[in-house]
>>> print(open('upload.txt').read())   # compact mmCIF, C-alpha atoms
# COMPACT_ATOMS: atom_id res chain seq x y z
CA MET A 988 109.82 95.17 101.08
CA ILE A 989 106.60 93.33 101.84
CA ARG A 990 104.20 93.94 98.98
CA PHE A 991 101.02 92.42 97.61
CA ALA A 992 101.09 91.29 93.99
CA LEU A 993 100.21 93.81 91.31
CA ALA A 994 97.99 92.76 88.42
CA PRO A 995 95.65 94.50 85.98
CA LEU A 996 91.93 94.40 86.65
CA CYS A 997 89.36 95.05 83.91
CA ILE A 998 86.11 96.41 85.30
CA SER A 999 83.27 98.55 84.12
CA ALA A 1000 84.06 102.20 84.56
CA LEU A 1001 81.91 104.24 86.90
CA ALA A 1002 78.96 106.49 86.12
CA GLY A 1003 79.12 108.23 82.74
CA THR A 1004 81.87 106.06 81.31
CA ALA A 1005 79.84 102.91 81.96
CA ALA A 1006 76.87 104.45 80.15
CA PHE A 1007 78.85 104.41 76.90
CA GLY A 1008 79.75 100.74 77.39
CA GLN A 1009 83.46 101.48 77.68
CA GLN A 1010 85.86 99.44 79.76
CA ALA A 1011 88.66 100.80 81.95
CA THR A 1012 91.74 98.91 83.04
CA ILE A 1013 92.43 99.73 86.68
CA ALA A 1014 95.52 98.46 88.46
CA LEU A 1015 94.82 96.54 91.63
CA GLN A 1016 95.52 98.41 94.84
CA THR A 1017 98.85 97.38 96.35
CA GLN A 1018 100.38 98.37 99.66
CA SER A 1019 103.33 97.76 101.96
CA ASP A 1020 104.86 98.61 105.36
CA ASP A 1021 101.58 98.24 107.28
CA TYR A 1022 101.80 99.03 111.00
CA THR A 1023 98.95 99.37 113.49
CA ARG A 1024 98.98 100.88 116.96
CA TYR A 1025 95.96 100.26 119.20
CA GLU A 1026 95.58 102.58 122.19
CA LEU A 1027 93.04 101.06 124.58
CA LEU A 1028 90.72 103.68 126.03
CA ALA A 1029 89.05 103.52 129.44
CA PRO A 1030 88.03 100.09 130.78
CA GLY A 1031 84.35 99.52 130.12
CA SER A 1032 84.33 101.82 127.07
CA ALA A 1033 84.89 98.96 124.57
CA SER A 1034 86.74 101.59 122.55
CA PHE A 1035 90.29 101.90 121.30
CA ARG A 1036 92.09 104.43 119.15
CA VAL A 1037 93.76 103.05 116.04
CA TYR A 1038 96.78 104.58 114.31
CA TYR A 1039 97.33 102.80 111.00
CA GLU A 1040 100.42 103.53 108.95
CA VAL A 1041 100.31 102.20 105.39
CA THR A 1042 102.09 102.83 102.10
CA ALA A 1043 100.24 102.90 98.77
CA THR A 1044 102.48 101.39 96.08
CA THR A 1045 100.35 101.22 92.92
CA ALA A 1046 102.11 103.41 90.36
CA GLY A 1047 99.90 106.29 89.26
CA ALA A 1048 97.31 105.82 92.02
CA THR A 1049 95.59 108.93 93.35
CA GLN A 1050 93.45 107.23 96.00
CA PHE A 1051 93.71 104.50 98.61
CA PHE A 1052 90.98 102.39 100.24
CA ASN A 1053 91.10 101.21 103.85
CA PRO A 1054 88.40 98.77 105.04
CA ILE A 1055 86.37 99.47 108.17
CA ARG A 1056 86.45 96.18 110.02
CA LYS A 1057 83.11 94.43 110.43
CA GLY A 1058 81.96 94.41 114.04
CA SER A 1059 83.73 97.71 114.71
CA VAL A 1060 82.00 101.09 114.67
CA ALA A 1061 84.40 103.76 113.44
CA SER A 1062 84.38 107.40 114.51
CA ASN A 1063 86.62 110.46 114.76
CA GLU A 1064 88.58 109.62 111.60
CA HIS A 1065 91.52 111.69 110.39
CA VAL A 1066 94.03 110.98 107.60
CA TYR A 1067 97.48 112.54 107.14
CA ASP A 1068 100.18 112.60 104.47
CA ARG A 1069 103.40 111.30 106.01
CA LEU A 1070 105.72 113.35 103.79
CA THR A 1071 104.32 116.71 104.93
CA GLY A 1072 102.09 115.87 107.91
CA ALA A 1073 99.20 117.68 106.20
CA PRO A 1074 95.62 116.37 106.52
CA LEU A 1075 94.18 114.49 103.54
CA ALA A 1076 90.61 114.51 102.23
CA PHE A 1077 88.65 111.28 102.57
CA GLU A 1078 85.14 109.86 102.70
CA VAL A 1079 83.47 106.58 103.65
CA VAL A 1080 82.30 104.58 100.62
CA SER A 1081 80.77 101.21 99.83
CA GLY A 1082 82.60 98.03 98.94
CA ASP A 1083 81.35 98.31 95.35
CA ILE A 1084 83.15 101.64 94.96
CA ALA A 1085 86.30 100.18 96.55
CA ARG A 1086 86.23 97.27 94.10
CA ALA A 1087 85.82 99.68 91.20
CA GLY A 1088 88.80 101.57 92.58
CA GLY A 1089 91.05 98.50 92.43
CA VAL A 1090 90.47 96.62 95.72
CA ARG A 1091 90.31 92.98 94.71
CA ASN A 1092 87.45 91.03 96.33
CA ALA A 1093 86.18 94.09 98.17
CA ASP A 1094 83.14 93.11 100.23
CA SER A 1095 80.01 94.82 98.90
CA THR A 1096 78.50 94.70 102.40
CA SER A 1097 81.47 96.50 103.99
CA GLN A 1098 82.48 100.14 104.16
CA TYR A 1099 85.84 101.63 103.22
CA ILE A 1100 87.67 104.87 103.89
CA ARG A 1101 88.63 106.31 100.51
CA VAL A 1102 91.71 108.51 100.93
CA HIS A 1103 92.61 111.13 98.32
CA LEU A 1104 96.40 111.05 98.12
CA ALA A 1105 98.41 114.27 98.17
CA ARG A 1106 100.21 113.31 94.97
CA ARG A 1107 100.13 110.59 92.36
CA VAL A 1108 102.20 107.55 93.36
CA PRO A 1109 105.48 107.73 91.39
CA LYS A 1110 106.67 104.79 89.32
CA ASP A 1111 108.59 102.47 91.69
CA GLY A 1112 107.65 104.91 94.45
CA GLU A 1113 105.25 105.19 97.35
CA ALA A 1114 102.61 107.33 99.04
CA ARG A 1115 102.75 107.04 102.82
CA ILE A 1116 99.67 107.84 104.86
CA LEU A 1117 98.54 107.73 108.49
CA ILE A 1118 94.91 106.89 109.30
CA ASP A 1119 93.73 107.84 112.78
CA LYS A 1120 90.35 106.51 113.91
CA THR A 1121 88.52 105.21 116.96
CA TYR A 1122 86.76 101.86 117.02
CA PHE A 1123 83.94 100.78 119.31
CA ASP A 1124 84.09 96.97 119.42
CA PRO A 1125 82.83 95.20 122.58
CA LYS A 1126 83.72 91.77 121.13
CA SER A 1127 87.40 92.73 120.87
CA TYR A 1128 87.85 94.85 124.00
CA TYR A 1129 86.06 93.97 127.24
CA GLU A 1130 86.38 93.06 130.91
CA GLU A 1131 86.20 89.49 132.16
CA ASN A 1132 86.81 88.05 135.66
CA GLY A 1133 88.39 91.27 136.83
CA LEU A 1134 90.78 91.44 133.87
CA LEU A 1135 90.97 93.71 130.86
CA VAL A 1136 90.90 91.63 127.65
CA PHE A 1137 91.90 92.62 124.13
CA ALA A 1138 91.19 89.62 121.87
CA ARG A 1139 91.47 90.30 118.16
CA PRO A 1140 92.90 88.37 115.20
CA LEU A 1141 95.44 90.67 113.57
CA GLY A 1142 96.32 90.23 109.91
CA ILE A 1143 98.70 93.20 109.84
CA LYS A 1144 102.20 91.90 110.61
CA ARG A 1145 103.49 94.80 112.74
CA ASN A 1146 101.39 95.83 115.74
CA ALA A 1147 101.45 97.53 119.11
CA ILE A 1148 98.76 97.54 121.81
CA VAL A 1149 98.96 100.26 124.47
CA LEU A 1150 97.29 99.51 127.80
CA PRO A 1151 95.44 102.14 129.80
CA GLU A 1152 97.65 103.82 132.36
CA GLY A 1153 98.01 101.85 135.59
CA TYR A 1154 97.62 98.35 134.11
CA GLU A 1155 100.06 95.42 134.06
CA VAL A 1156 100.27 92.61 131.53
CA VAL A 1157 98.91 89.35 132.92
CA SER A 1158 99.18 87.23 129.77
CA CYS A 1159 99.87 87.55 126.04
CA ASN A 1160 99.78 84.56 123.67
CA VAL A 1161 101.94 86.19 120.94
CA PRO A 1162 105.67 86.70 121.65
CA SER A 1163 105.99 90.45 122.20
CA GLN A 1164 108.16 93.26 123.43
CA ILE A 1165 106.94 95.05 126.55
CA ILE A 1166 107.81 98.75 126.58
CA GLU A 1167 107.06 101.28 129.31
CA GLU A 1168 106.28 104.35 127.23
CA THR A 1169 105.55 106.58 130.21
CA PRO A 1170 105.64 105.70 133.90
CA GLY A 1171 102.70 103.37 134.47
CA ARG A 1172 101.74 102.96 130.79
CA LEU A 1173 102.84 99.86 128.91
CA SER A 1174 102.76 98.89 125.26
CA VAL A 1175 102.86 95.35 123.89
CA SER A 1176 104.53 95.21 120.47
CA PHE A 1177 105.21 92.36 118.05
CA TRP A 1178 106.12 91.50 114.49
CA ASN A 1179 104.28 88.45 113.16
CA ALA A 1180 106.62 86.76 110.66
CA LEU A 1181 104.21 83.93 109.82
CA PRO A 1182 101.85 84.03 106.80
CA ALA A 1183 98.73 83.56 108.97
CA GLU A 1184 97.08 86.24 111.08
CA ALA A 1185 98.02 86.45 114.75
CA PRO A 1186 95.14 85.32 117.03
CA LEU A 1187 96.07 87.81 119.74
CA VAL A 1188 94.65 87.46 123.26
CA LEU A 1189 96.05 90.04 125.66
CA LYS A 1190 94.96 90.28 129.30
CA ALA A 1191 95.81 93.01 131.79
CA ARG A 1192 95.04 93.85 135.41
CA ARG A 1193 94.85 97.17 137.20
CA LEU A 1194 97.76 97.82 139.52
CA PRO A 1195 97.01 98.56 143.20
CA ASN A 1196 96.21 102.24 143.81
CA ALA A 1197 96.27 102.98 140.07
CA VAL A 1198 94.47 106.16 139.09
CA ILE A 1199 92.77 106.56 135.70
CA ARG A 1200 93.56 109.96 134.23
CA ALA A 1201 91.12 112.00 132.21
CA ASN A 1202 92.98 111.45 128.96
CA ASP A 1203 92.41 107.72 129.34
CA VAL A 1204 88.66 108.31 129.28
CA VAL A 1205 88.33 110.90 126.53
CA GLN A 1206 90.41 111.42 123.40
CA THR A 1207 92.05 114.81 123.45
CA ALA A 1208 94.33 114.71 120.42
CA SER A 1209 93.27 114.96 116.79
CA THR A 1210 96.68 115.32 115.15
CA PRO A 1211 99.33 112.65 114.48
CA ARG A 1212 101.16 111.48 117.54
CA GLY A 1213 104.87 112.31 117.64
CA PHE A 1214 105.38 108.65 118.55
CA LEU A 1215 104.55 107.70 115.00
CA LEU A 1216 106.97 110.19 113.49
CA ALA A 1217 110.08 109.65 115.60
CA ARG A 1218 111.22 107.93 118.76
CA ASP A 1219 114.70 109.29 119.00
CA ALA A 1220 114.63 111.00 122.39
CA THR A 1221 114.37 109.08 125.64
CA PRO A 1222 111.93 110.89 127.95
CA ALA A 1223 113.32 112.25 131.19
CA SER A 1224 111.75 111.52 134.54
CA ALA A 1225 110.70 114.21 137.02
CA SER A 1226 114.14 113.99 138.63
CA GLY A 1227 115.80 114.62 135.27
CA GLU A 1228 117.09 111.06 134.89
CA ARG A 1229 116.75 109.30 131.56
CA ARG A 1230 114.60 106.19 131.50
CA ILE A 1231 115.49 103.04 129.60
CA LEU A 1232 113.20 102.99 126.57
CA PRO A 1233 113.71 99.96 124.32
CA ASP A 1234 113.40 100.61 120.61
CA GLU A 1235 110.15 99.18 119.29
CA ARG A 1236 111.22 96.64 116.70
CA ALA A 1237 107.80 96.31 115.07
CA HIS A 1238 107.70 100.02 114.27
CA GLN A 1239 111.04 99.96 112.47
CA ASN A 1240 110.69 99.89 108.68
CA ARG A 1241 114.31 99.82 107.54
CA GLU A 1242 114.59 97.25 104.77
CA ILE A 1243 117.40 95.97 102.58
CA VAL A 1244 117.57 93.69 99.55
CA TYR A 1245 120.84 92.18 98.25
CA PHE A 1246 121.12 91.06 94.61
CA LEU A 1247 124.15 88.78 94.34
CA GLN A 1248 126.24 88.96 91.19
CA GLN A 1249 128.15 85.84 90.12
CA PRO A 1250 130.32 84.80 93.09
CA GLU A 1251 133.62 85.03 91.20
CA THR A 1252 133.15 88.82 91.27
CA HIS A 1253 132.57 89.00 95.06
CA ALA A 1254 130.09 91.76 94.17
CA PHE A 1255 126.45 92.39 95.01
CA ASP A 1256 124.00 95.15 94.25
CA LEU A 1257 121.64 96.32 96.96
CA TYR A 1258 119.01 98.85 97.84
CA HIS A 1259 117.92 99.89 101.28
CA ASP A 1260 114.90 101.92 102.38
CA TYR A 1261 114.93 104.32 105.29
CA THR A 1262 112.49 106.87 106.73
CA GLU A 1263 113.96 110.05 108.19
CA SER A 1264 111.64 111.94 110.54
CA ARG A 1265 114.01 114.11 112.59
CA VAL A 1266 113.26 117.75 111.92
CA GLY A 1267 116.08 119.57 110.14
CA ILE A 1268 118.02 116.49 109.03
CA ASP A 1269 119.11 116.85 105.40
CA LYS A 1270 121.50 113.97 104.74
CA TYR A 1271 121.87 110.23 105.21
CA LEU A 1272 125.28 108.76 106.06
CA ASN A 1273 125.94 105.21 104.98
CA VAL A 1274 129.20 104.04 106.57
CA VAL A 1275 130.64 101.25 104.44
CA ARG A 1276 131.29 98.11 106.43
CA THR A 1277 134.97 97.31 107.01
CA GLY A 1278 136.17 94.83 104.38
CA SER A 1279 133.71 96.08 101.77
CA SER A 1280 134.18 98.69 99.06
CA VAL A 1281 131.35 100.67 97.49
CA SER A 1282 130.60 101.88 93.96
CA SER A 1283 127.72 103.13 91.79
CA PRO A 1284 125.58 104.79 94.48
CA SER A 1285 122.30 106.48 93.66
CA ALA A 1286 119.18 107.41 95.59
CA ARG A 1287 115.72 108.88 95.30
CA VAL A 1288 112.83 110.03 97.46
CA LEU A 1289 110.18 107.35 97.21
CA ASP A 1290 107.43 109.84 98.06
CA THR A 1291 108.11 112.00 94.99
CA GLY A 1292 110.52 110.11 92.73
CA GLU A 1293 113.11 112.90 93.09
CA GLU A 1294 116.70 111.79 92.36
CA LEU A 1295 119.19 112.79 95.08
CA LYS A 1296 122.75 114.08 94.99
CA TRP A 1297 125.43 111.98 96.64
CA GLU A 1298 129.16 111.87 97.33
CA ILE A 1299 131.67 109.30 98.61
CA LEU A 1300 134.08 110.55 101.28
CA THR A 1301 137.11 108.65 102.56
CA GLY A 1302 139.36 109.07 105.61
CA ASP A 1303 140.25 112.67 106.46
CA ALA A 1304 137.62 114.01 104.05
CA ILE A 1305 134.99 112.67 106.47
CA ARG A 1306 136.45 114.71 109.34
CA ARG A 1307 136.81 117.84 107.22
CA ALA A 1308 133.13 117.61 106.27
CA GLY A 1309 132.24 117.56 109.96
CA LEU A 1310 130.24 114.34 109.66
CA ASP A 1311 129.20 112.48 112.79
CA VAL A 1312 131.12 109.26 112.12
CA ALA A 1313 132.97 107.41 114.87
CA ASP A 1314 136.38 105.73 114.62
CA VAL A 1315 137.38 107.15 111.24
CA THR A 1316 140.46 105.51 109.71
CA PRO A 1317 142.29 106.36 106.47
CA THR A 1318 140.25 103.64 104.71
CA THR A 1319 136.84 104.47 106.18
CA GLN A 1320 134.30 105.21 103.45
CA VAL A 1321 131.02 107.05 103.84
CA VAL A 1322 128.37 107.56 101.18
CA VAL A 1323 126.51 110.83 101.83
CA PHE A 1324 123.05 111.25 100.31
CA HIS A 1325 121.65 114.80 100.36
CA PHE A 1326 117.95 115.73 100.51
CA ALA A 1327 115.75 118.65 101.55
CA ALA A 1328 115.65 119.11 105.32
CA VAL A 1329 112.77 117.38 107.10
CA LYS A 1330 110.07 119.83 108.17
CA PRO A 1331 108.02 119.72 111.39
CA ASN A 1332 105.40 116.94 111.34
CA GLY A 1333 106.95 115.61 108.13
CA SER A 1334 109.24 112.76 107.14
CA VAL A 1335 110.96 111.48 104.02
CA ARG A 1336 111.26 107.93 102.70
CA LEU A 1337 114.55 107.23 100.94
CA ARG A 1338 115.67 104.38 98.71
CA MET A 1339 119.43 104.14 98.26
CA TYR A 1340 121.23 101.92 95.74
CA GLU A 1341 124.85 100.77 95.93
CA THR A 1342 127.17 98.05 94.67
CA TYR A 1343 129.50 96.42 97.16
CA THR A 1344 132.51 94.15 96.74
CA ASP A 1345 133.46 91.93 99.67
CA SER A 1346 135.77 88.99 99.01
CA ALA A 1347 135.73 87.86 102.65
CA ARG A 1348 131.96 87.50 103.07
CA TYR A 1349 130.93 86.61 99.52
CA ARG A 1350 133.03 84.14 97.59
CA LEU A 1351 133.27 80.88 95.69
CA VAL A 1352 134.89 77.84 97.32
CA GLY A 1353 135.23 75.03 94.81
CA ASP A 1354 131.82 74.85 93.18
CA THR A 1355 129.97 76.28 96.21
CA LEU A 1356 128.79 79.85 96.67
CA LEU A 1357 129.29 81.17 100.22
CA TRP A 1358 127.48 84.20 101.69
CA ASP A 1359 128.29 85.12 105.29
CA ARG A 1360 126.95 88.44 106.55
CA SER A 1361 125.22 89.76 109.67
CA PHE A 1362 121.93 91.63 109.34
CA GLY A 1363 120.79 94.27 111.82
CA ARG A 1364 117.58 95.41 110.15
CA PRO A 1365 114.23 93.75 110.88
CA ALA A 1366 113.55 93.03 107.18
CA ASN A 1367 116.34 91.65 104.98
CA ALA A 1368 116.36 89.78 101.66
CA VAL A 1369 118.98 88.04 99.54
CA VAL A 1370 118.50 87.19 95.85
CA LEU A 1371 120.85 84.48 94.56
CA PRO A 1372 122.65 84.92 91.22
CA ALA A 1373 120.91 83.67 88.09
CA GLY A 1374 121.44 79.94 87.61
CA TRP A 1375 122.04 79.06 91.27
CA TYR A 1376 119.94 77.04 93.74
CA LEU A 1377 119.99 77.15 97.53
CA THR A 1378 121.69 74.33 99.48
CA ASN A 1379 121.98 75.74 103.03
CA SER A 1380 120.52 78.57 105.08
CA THR A 1381 121.38 78.74 108.78
CA ILE A 1382 118.70 81.33 109.61
CA PRO A 1383 115.04 80.50 108.90
CA GLY A 1384 113.61 82.52 106.05
CA THR A 1385 110.86 82.41 103.46
CA ILE A 1386 111.84 81.34 99.95
CA SER A 1387 110.34 82.52 96.68
CA GLU A 1388 111.22 82.76 93.00
CA THR A 1389 111.58 86.10 91.28
CA ALA A 1390 110.00 86.89 87.93
CA ASP A 1391 113.32 86.15 86.20
CA GLY A 1392 113.74 82.76 87.91
CA ARG A 1393 116.16 83.69 90.69
CA VAL A 1394 115.86 82.38 94.26
CA ARG A 1395 114.95 85.00 96.88
CA LEU A 1396 115.19 84.54 100.65
CA ASP A 1397 113.45 86.93 103.06
CA PHE A 1398 114.58 87.11 106.67
CA ILE A 1399 112.30 88.81 109.21
CA ASN A 1400 114.02 89.35 112.55
CA PRO A 1401 111.52 90.53 115.20
CA ARG A 1402 114.28 90.73 117.82
CA PRO A 1403 116.39 93.86 118.42
CA ASP A 1404 119.66 92.04 117.71
CA GLU A 1405 121.60 90.97 114.64
CA ILE A 1406 121.28 87.65 112.83
CA ASP A 1407 124.29 85.97 111.21
CA VAL A 1408 123.08 84.74 107.84
CA PHE A 1409 125.21 82.01 106.25
CA LEU A 1410 124.09 80.71 102.86
CA THR A 1411 125.48 78.22 100.39
CA ALA A 1412 124.33 77.55 96.85
CA ARG A 1413 125.31 75.57 93.75
CA ARG A 1414 124.93 76.11 90.03
CA ARG A 1415 122.10 74.32 88.29
CA LYS A 1416 123.48 71.92 85.73
CA ARG A 1417 121.95 72.28 82.32
CA ALA A 1418 120.27 69.22 80.89
CA ALA A 1419 122.18 67.53 78.09
CA PRO A 1420 120.83 68.42 74.61
>>> encode(input="upload.txt", output="structure tokens")
Amino acid sequence: MIRFALAPLCISALAGTAAFGQQATIALQTQSDDYTRYELLAPGSASFRVYYEVTATTAGATQFFNPIRKGSVASNEHVYDRLTGAPLAFEVVSGDIARAGGVRNADSTSQYIRVHLARRVPKDGEARILIDKTYFDPKSYYEENGLLVFARPLGIKRNAIVLPEGYEVVSCNVPSQIIEETPGRLSVSFWNALPAEAPLVLKARRLPNAVIRANDVVQTASTPRGFLLARDATPASASGERRILPDERAHQNREIVYFLQQPETHAFDLYHDYTESRVGIDKYLNVVRTGSSVSSPSARVLDTGEELKWEILTGDAIRRAGLDVADVTPTTQVVVFHFAAVKPNGSVRLRMYETYTDSARYRLVGDTLLWDRSFGRPANAVVLPAGWYLTNSTIPGTISETADGRVRLDFINPRPDEIDVFLTARRRKRAAP
């Protein structure tokens, strides 16, 4: 999971507390899983609607601050809790209040949306919110030489820009997916895996005979778009045929982290995060990969901290339970995690823990650790065993050191295909006494 570092911040408490000269220790605001969707409104309006999904991760937090970007004039703001879909209370405050609330280096000349969370952030949990607002920003969105231009440096790593209906993409300087969401309306989506912001410049041109509809000129919706909750159904055309709708990689937030035990054991612990948004779904099926065996599962709802019930089913027991699992063999294993059914406009964020043993893909050859496994998720991480250092990685990844001195590799795959990750490592030799 992509997170900002958490550290304590000692500041003067607000109002009455400060009058008594007391000090309060406030944890810095931390967040993860940021995703922004920009829907460009009518050409010439210099306005675009922003849907910003973000997860508050500071344990115990009851509020979250979102900056209003300088140069943009915000209006028509709404905030929603992603667990229930219910609206959240909020107000616009100064940078000084945001800094007092835990936003490090908050700009005193800027404004922030202070969101009152629906529940206190659980320990090792999350509070997911959706901020819906409209920006007026003629420096970012304008017309030039007959083209529509959206030029904006984007620090958020996962983004989508939706063109007005009837426009084609002429150029885009950031590698992106192009997705036709509805006939004649395109979105440009990308995941920026680099540490710097993406200096996006997107240009579009009106198609011949294109007609601008009324909903491209005026906002009509004030509730969360279903797009942000689920994209499971492929829309049908007027003739009843299904269109090809590629899955937007940048909007996926399935993540997995592997913690390798010593290679002689062939074992590794893992956790994976998943958001379920399909109404009525009340279980998650984790089909164990062929060649692996599973043990010690557990799970919880990150939104609330609730521990979940689980069961491991094998072979015929899978069929008898009526589970939707293809190609079941006598050795097929499925871990079933049970949770309360998803309600309309709601979703649930799960974190599931398991231990796997796989002697074919994780082993020791001589004095070399070998890890050979394909990853299908967009965000994947591998933590080497204690005492080992990396010698080879076939897939580019970022490298860091954990608090306990282990090597961690993070692999971001912005493409909708799998990557075959092959790693080797060796033990660090202790210095002679």
>>> closest_residue(input="upload.txt", among="A:Asp1068, A:Ala1366, A:Pro1140, A:Glu1026", to="Leu1173 in chain A", atoms="only C-alpha atoms")
A:Glu1026
>>> closest_residue(input="upload.txt", among="A:Ile1013, A:Leu1351, A:Ile1055, A:Leu1300", to="Lys1120 in chain A", atoms="all atoms listed in the file")
A:Ile1055
>>> closest_residue(input="upload.txt", among="A:Asp1404, A:Asp1260, A:Glu1130, A:Asp1290", to="Pro1233 in chain A", atoms="all atoms listed in the file")
A:Asp1404
>>> atom_distance(input="upload.txt", atom1="CA of Arg1413 in chain A", atom2="CA of Ser1279 in chain A")
23.6 Å
>>> atom_distance(input="upload.txt", atom1="CA of Pro1317 in chain A", atom2="CA of Asn1273 in chain A")
16.5 Å
>>> atom_distance(input="upload.txt", atom1="CA of Arg1115 in chain A", atom2="CA of Tyr1258 in chain A")
18.9 Å
>>> closest_residue(input="upload.txt", among="A:Pro1195, A:Gly1142, A:Gly1309, A:Gly1072", to="Leu1181 in chain A", atoms="all atoms listed in the file")
A:Gly1142
>>> residues_around(input="upload.txt", residues="Ala1368 in chain A", least_positions_apart="3", cutoff="8 Å", atoms="all atoms listed in the file", output="list of chain:residue names")
A:Ile1243, A:Val1244, A:Tyr1245, A:Arg1395, A:Leu1396, A:Asp1397, A:Phe1398
>>> residues_around(input="upload.txt", residues="range 1327-1336 of chain A", least_positions_apart="6", cutoff="8 Å", atoms="all atoms listed in the file", output="count of residues only")
20
>>> residues_around(input="upload.txt", residues="His1103 in chain A", least_positions_apart="2", cutoff="6 Å", atoms="all atoms listed in the file", output="list of chain:residue names")
A:Gln1050, A:Ala1076, A:Phe1077
>>> closest_residue(input="upload.txt", among="A:Val1394, A:Leu1357, A:Val1149, A:Val1312", to="Ala1029 in chain A", atoms="all atoms listed in the file")
A:Val1149
>>> closest_residue(input="upload.txt", among="A:Ala1014, A:Ala1191, A:Ala1373, A:Ala1347", to="Thr1049 in chain A", atoms="all atoms listed in the file")
A:Ala1014
>>> residues_near_point(input="upload.txt", point="(127.0, 90.1, 94.2)", cutoff="9 Å", atoms="all atoms listed in the file", output="tab-separated table (two decimals) with C-alpha atoms, in the coordinates of the input")
chain	number	residue	atom	x	y	z
A	1245	TYR	CA	120.84	92.18	98.25
A	1246	PHE	CA	121.12	91.06	94.61
A	1247	LEU	CA	124.15	88.78	94.34
A	1248	GLN	CA	126.24	88.96	91.19
A	1249	GLN	CA	128.15	85.84	90.12
A	1250	PRO	CA	130.32	84.80	93.09
A	1251	GLU	CA	133.62	85.03	91.20
A	1252	THR	CA	133.15	88.82	91.27
A	1253	HIS	CA	132.57	89.00	95.06
A	1254	ALA	CA	130.09	91.76	94.17
A	1255	PHE	CA	126.45	92.39	95.01
A	1256	ASP	CA	124.00	95.15	94.25
A	1257	LEU	CA	121.64	96.32	96.96
A	1342	THR	CA	127.17	98.05	94.67
A	1343	TYR	CA	129.50	96.42	97.16
A	1344	THR	CA	132.51	94.15	96.74
A	1345	ASP	CA	133.46	91.93	99.67
A	1349	TYR	CA	130.93	86.61	99.52
A	1371	LEU	CA	120.85	84.48	94.56
A	1372	PRO	CA	122.65	84.92	91.22
>>> residues_around(input="upload.txt", residues="Tyr1129 in chain A", least_positions_apart="5", cutoff="10 Å", atoms="only C-alpha atoms", output="PyMOL selection string")
chain A and resi 1030-1034+1124+1134-1138+1190
>>> residues_around(input="upload.txt", residues="Glu1294 in chain A", least_positions_apart="5", cutoff="10 Å", atoms="all atoms listed in the file", output="MDAnalysis selection string")
chainID A and resid 1285:1289 1325:1326 1337:1338
